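Visitor: Structure file structure24.cif (mmCIF, C-alpha atoms) is given on the next line.
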```cif
data_target
#
loop_
_atom_site.label_atom_id
_atom_site.label_comp_id
_atom_site.auth_asym_id
_atom_site.auth_seq_id
_atom_site.Cartn_x
_atom_site.Cartn_y
_atom_site.Cartn_z
CA MET A 98 -8.45 -31.89 7.97
CA ASN A 99 -9.47 -29.56 10.79
CA TYR A 100 -7.96 -26.14 11.26
CA SER A 101 -8.25 -23.59 14.00
CA LEU A 102 -7.70 -19.89 13.57
CA MET A 103 -6.00 -17.94 16.32
CA VAL A 104 -5.79 -14.17 15.98
CA VAL A 105 -3.51 -12.16 18.22
CA ALA A 106 -2.57 -8.49 18.19
CA SER A 107 0.61 -6.98 19.58
CA ASP A 108 -0.77 -3.40 19.43
CA TYR A 109 2.32 -2.38 17.36
CA SER A 110 4.72 -3.53 20.09
CA MET A 111 7.54 -5.58 18.61
CA ALA A 112 8.46 -6.91 22.07
CA GLU A 113 4.86 -8.08 22.58
CA GLU A 114 4.86 -9.61 19.09
CA LYS A 115 7.87 -11.77 20.02
CA ILE A 116 6.07 -13.04 23.12
CA LEU A 117 2.95 -13.81 21.07
CA VAL A 118 4.94 -15.60 18.34
CA ARG A 119 6.61 -17.76 20.98
CA ARG A 120 3.22 -18.60 22.59
CA LEU A 121 1.65 -19.50 19.24
CA LEU A 122 4.58 -21.73 18.33
CA GLU A 123 4.39 -23.41 21.76
CA ARG A 124 0.71 -24.12 21.12
CA GLY A 125 1.62 -25.89 17.90
CA VAL A 126 0.19 -23.58 15.24
CA ASP A 127 0.69 -24.83 11.71
CA GLY A 128 1.74 -21.46 10.30
CA LEU A 129 1.86 -17.74 10.99
CA PHE A 130 0.86 -14.60 9.10
CA PRO A 131 2.72 -11.72 10.81
CA ILE A 132 2.10 -8.15 9.68
CA GLY A 133 5.05 -6.21 8.26
CA GLN A 134 8.74 -7.13 8.25
CA GLN A 135 10.20 -5.09 11.09
CA ARG A 136 10.83 -7.48 13.98
CA TYR A 137 12.17 -7.36 17.52
CA PRO A 138 15.59 -9.03 17.81
CA GLY A 139 15.17 -12.77 17.90
CA THR A 140 11.61 -12.91 16.52
CA LEU A 141 12.69 -13.76 12.99
CA ALA A 142 15.00 -16.46 14.35
CA LEU A 143 12.07 -17.95 16.31
CA LEU A 144 10.00 -18.05 13.13
CA GLU A 145 12.77 -19.56 11.03
CA GLU A 146 13.86 -22.11 13.65
CA SER A 147 10.28 -23.30 14.11
CA ARG A 148 10.36 -24.61 10.52
CA ARG A 149 6.69 -23.65 10.27
CA PRO A 150 5.57 -21.64 7.27
CA PHE A 151 5.08 -17.93 7.73
CA VAL A 152 4.18 -15.16 5.33
CA GLU A 153 4.95 -11.55 6.21
CA SER A 154 2.05 -9.43 5.05
CA TYR A 155 1.06 -5.90 4.08
CA ILE A 156 4.45 -5.24 2.54
CA SER A 157 6.22 -6.19 -0.67
CA ASP A 158 9.17 -3.86 -0.46
CA ASP A 159 12.39 -5.76 -0.93
CA PHE A 160 13.99 -6.54 2.42
CA GLY A 161 15.91 -9.46 0.96
CA ARG A 162 13.65 -12.13 2.47
CA ASP A 163 11.22 -14.56 0.91
CA GLY A 164 7.62 -15.10 1.89
CA TYR A 165 5.75 -11.84 1.77
CA LEU A 166 2.36 -10.75 0.52
CA GLY A 167 1.23 -7.18 0.11
CA PHE A 168 2.09 -4.08 -1.83
CA PHE A 169 4.92 -1.61 -2.33
CA ASN A 170 4.21 0.97 0.36
CA VAL A 171 6.61 3.68 -0.91
CA LYS A 172 5.65 3.39 -4.56
CA ASP A 173 1.92 3.04 -3.93
CA ALA A 174 1.80 5.99 -1.53
CA ALA A 175 3.65 8.10 -4.12
CA SER A 176 1.04 7.09 -6.72
CA VAL A 177 -1.67 8.55 -4.46
CA VAL A 178 0.18 11.87 -4.56
CA ASP A 179 0.36 11.60 -8.37
CA TYR A 180 -3.39 11.04 -8.49
CA LEU A 181 -4.17 14.00 -6.21
CA VAL A 182 -1.85 16.29 -8.18
CA ALA A 183 -3.45 15.14 -11.46
CA LEU A 184 -6.78 16.28 -10.00
CA GLY A 185 -5.27 19.74 -9.47
CA ASN A 186 -4.49 19.51 -5.75
CA ARG A 187 -1.36 21.26 -4.49
CA ARG A 188 -1.90 21.13 -0.70
CA ILE A 189 -1.90 17.54 0.48
CA ALA A 190 -2.64 16.10 3.92
CA MET A 191 -2.12 12.56 5.13
CA PHE A 192 -3.56 10.66 8.06
CA ALA A 193 -0.82 8.25 9.10
CA GLY A 194 -0.22 5.66 11.74
CA ILE A 195 2.61 6.19 14.20
CA THR A 196 5.81 5.11 12.44
CA ASP A 197 7.61 3.74 15.53
CA GLY A 198 7.40 -0.04 15.22
CA ASN A 199 5.31 0.21 12.04
CA ASP A 200 7.42 -0.28 8.92
CA ARG A 201 4.37 -0.03 6.67
CA ALA A 202 3.35 3.43 7.91
CA TYR A 203 6.99 4.56 7.80
CA ARG A 204 7.38 3.52 4.15
CA ARG A 205 4.02 5.00 3.10
CA LEU A 206 5.02 8.28 4.72
CA ALA A 207 8.36 8.14 2.88
CA GLY A 208 6.51 7.81 -0.43
CA VAL A 209 4.19 10.71 0.34
CA ARG A 210 7.07 12.91 1.51
CA ALA A 211 9.33 12.26 -1.47
CA ARG A 212 6.90 12.56 -4.37
CA PRO A 213 5.69 16.19 -4.05
CA GLY A 214 9.27 17.49 -4.31
CA GLU A 215 9.78 15.44 -7.46
CA LEU A 216 6.66 17.15 -8.85
CA GLY A 217 7.80 20.65 -7.86
CA ILE A 218 5.40 21.01 -4.93
CA PRO A 219 6.95 22.62 -1.83
CA PHE A 220 7.22 20.35 1.20
CA SER A 221 5.48 23.07 3.24
CA ASN A 222 2.29 22.14 1.35
CA ILE A 223 2.29 18.67 2.93
CA SER A 224 0.58 18.07 6.29
CA ARG A 225 0.46 14.90 8.33
CA LEU A 226 -1.69 13.85 11.26
CA SER A 227 -0.38 10.80 13.11
CA CYS A 228 -2.71 8.57 15.07
CA ARG A 229 -1.84 5.65 17.29
CA MET A 230 -4.05 2.79 16.21
CA THR A 231 -5.02 0.13 18.68
CA TRP A 232 -7.00 -3.07 18.96
CA ALA A 233 -7.94 -2.28 22.56
CA PRO A 234 -11.52 -3.20 23.51
CA ARG A 235 -14.12 -0.52 22.88
CA VAL A 236 -11.76 1.54 20.76
CA ARG A 237 -12.81 1.73 17.13
CA ARG A 238 -9.80 1.67 14.83
CA SER A 239 -10.20 4.38 12.23
CA ALA A 240 -8.08 5.80 9.43
CA ILE A 241 -9.33 9.24 10.39
CA CYS A 242 -8.41 9.24 14.06
CA VAL A 243 -8.65 6.73 16.87
CA LYS A 244 -8.78 9.08 19.80
CA ARG A 245 -8.51 12.82 19.41
CA GLN A 246 -5.97 13.05 22.24
CA ALA A 247 -3.85 10.29 20.68
CA CYS A 248 -3.26 12.26 17.48
CA ARG A 249 -0.59 14.83 16.85
CA ARG A 250 0.09 17.06 13.90
CA ARG A 251 3.51 16.77 12.27
#
```
As a first step, turn the structure in this file into structure tokens.
Guide:
Amino acid sequence: MNYSLMVVASDYSMAEEKILVRRLLERGVDGLFPIGQQRYPGTLALLEESRRPFVESYISDDFGRDGYLGFFNVKDAASVVDYLVALGNRRIAMFAGITDGNDRAYRRLAGVRARPGELGIPFSNISRLSCRMTWAPRVRRSAICVKRQACRRR
């Protein structure tokens, strides 16, 4: 059996993702591996109506759907805070992706925001730097910061 691999990136645009899903289905792909579970209206219907297998990835939080592979973003992000606090840290900073159109970053941020209060650490001790990540040519995707001007402190 011969397989081909097609990789596409929507650059965190749910509208673009829907267009790309439609194009891939029209080209007869055997299955899809979309990132996350937040979808533009109609994208999930396209996937389901195609009757082709798909596995939503990088998330295992319960959205009431089958077919996902990943981790619990809220719980796992909170465990990072537990680890840092166990090391004696009380001022915590987080580099985060933009949460608009990115359910994984949103849920990780929720875990990091909630846990310090549960541990008695004031929310004012938590800093966040958000960076828009991109797959654009010549732009190196980095957890630290993609482009200095694209980052903003929250």
Visitor: What's around Asp197 in chain A at 10 Å? Count all atoms listed in the file, leave out sequence neighbours fewer than 3 positions away in its own chain, and write the answer as a list in words.
Guide: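 With the cut-off at 10 Å, the set is Tyr109, Ser110, Met111, Gly194, Asp200, Ala202, Tyr203 and Arg229 of chain A.
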Visitor: Using all atoms listed in the file, which protein or nucleic acid residues come within 12 Å of Asn170 in chain A? Drop anything in the same chain fewer than 6 positions from it, and give the result as a list of chain:residue names.
Guide: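 Selected residues are A:Gly133, A:Ser154, A:Tyr155, A:Ile156, A:Ser157, A:Asp158, A:Asp159, A:Ser176, A:Val177, A:Asn199, A:Asp200, A:Arg201, A:Ala202, A:Tyr203, A:Arg204, A:Arg205, A:Leu206, A:Ala207, A:Gly208, A:Val209.
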Visitor: Mind giving me the straight-line distance from CA of Gly128 in chain A to CA of Phe151 in chain A in Å, one decimal?
Guide: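 Rounded to one decimal, the two atoms are 5.5 Å apart.
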Visitor: Quick one, how far is CA of Val182 in chain A from CA of Pro219 in chain A?
Guide: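 These two atoms are separated by 12.6 Å.
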Visitor: Between CA of Val118 in chain A and CA of Phe168 in chain A, what is the distance in Å, rounded to a tenth?
Guide: 23.4 Å
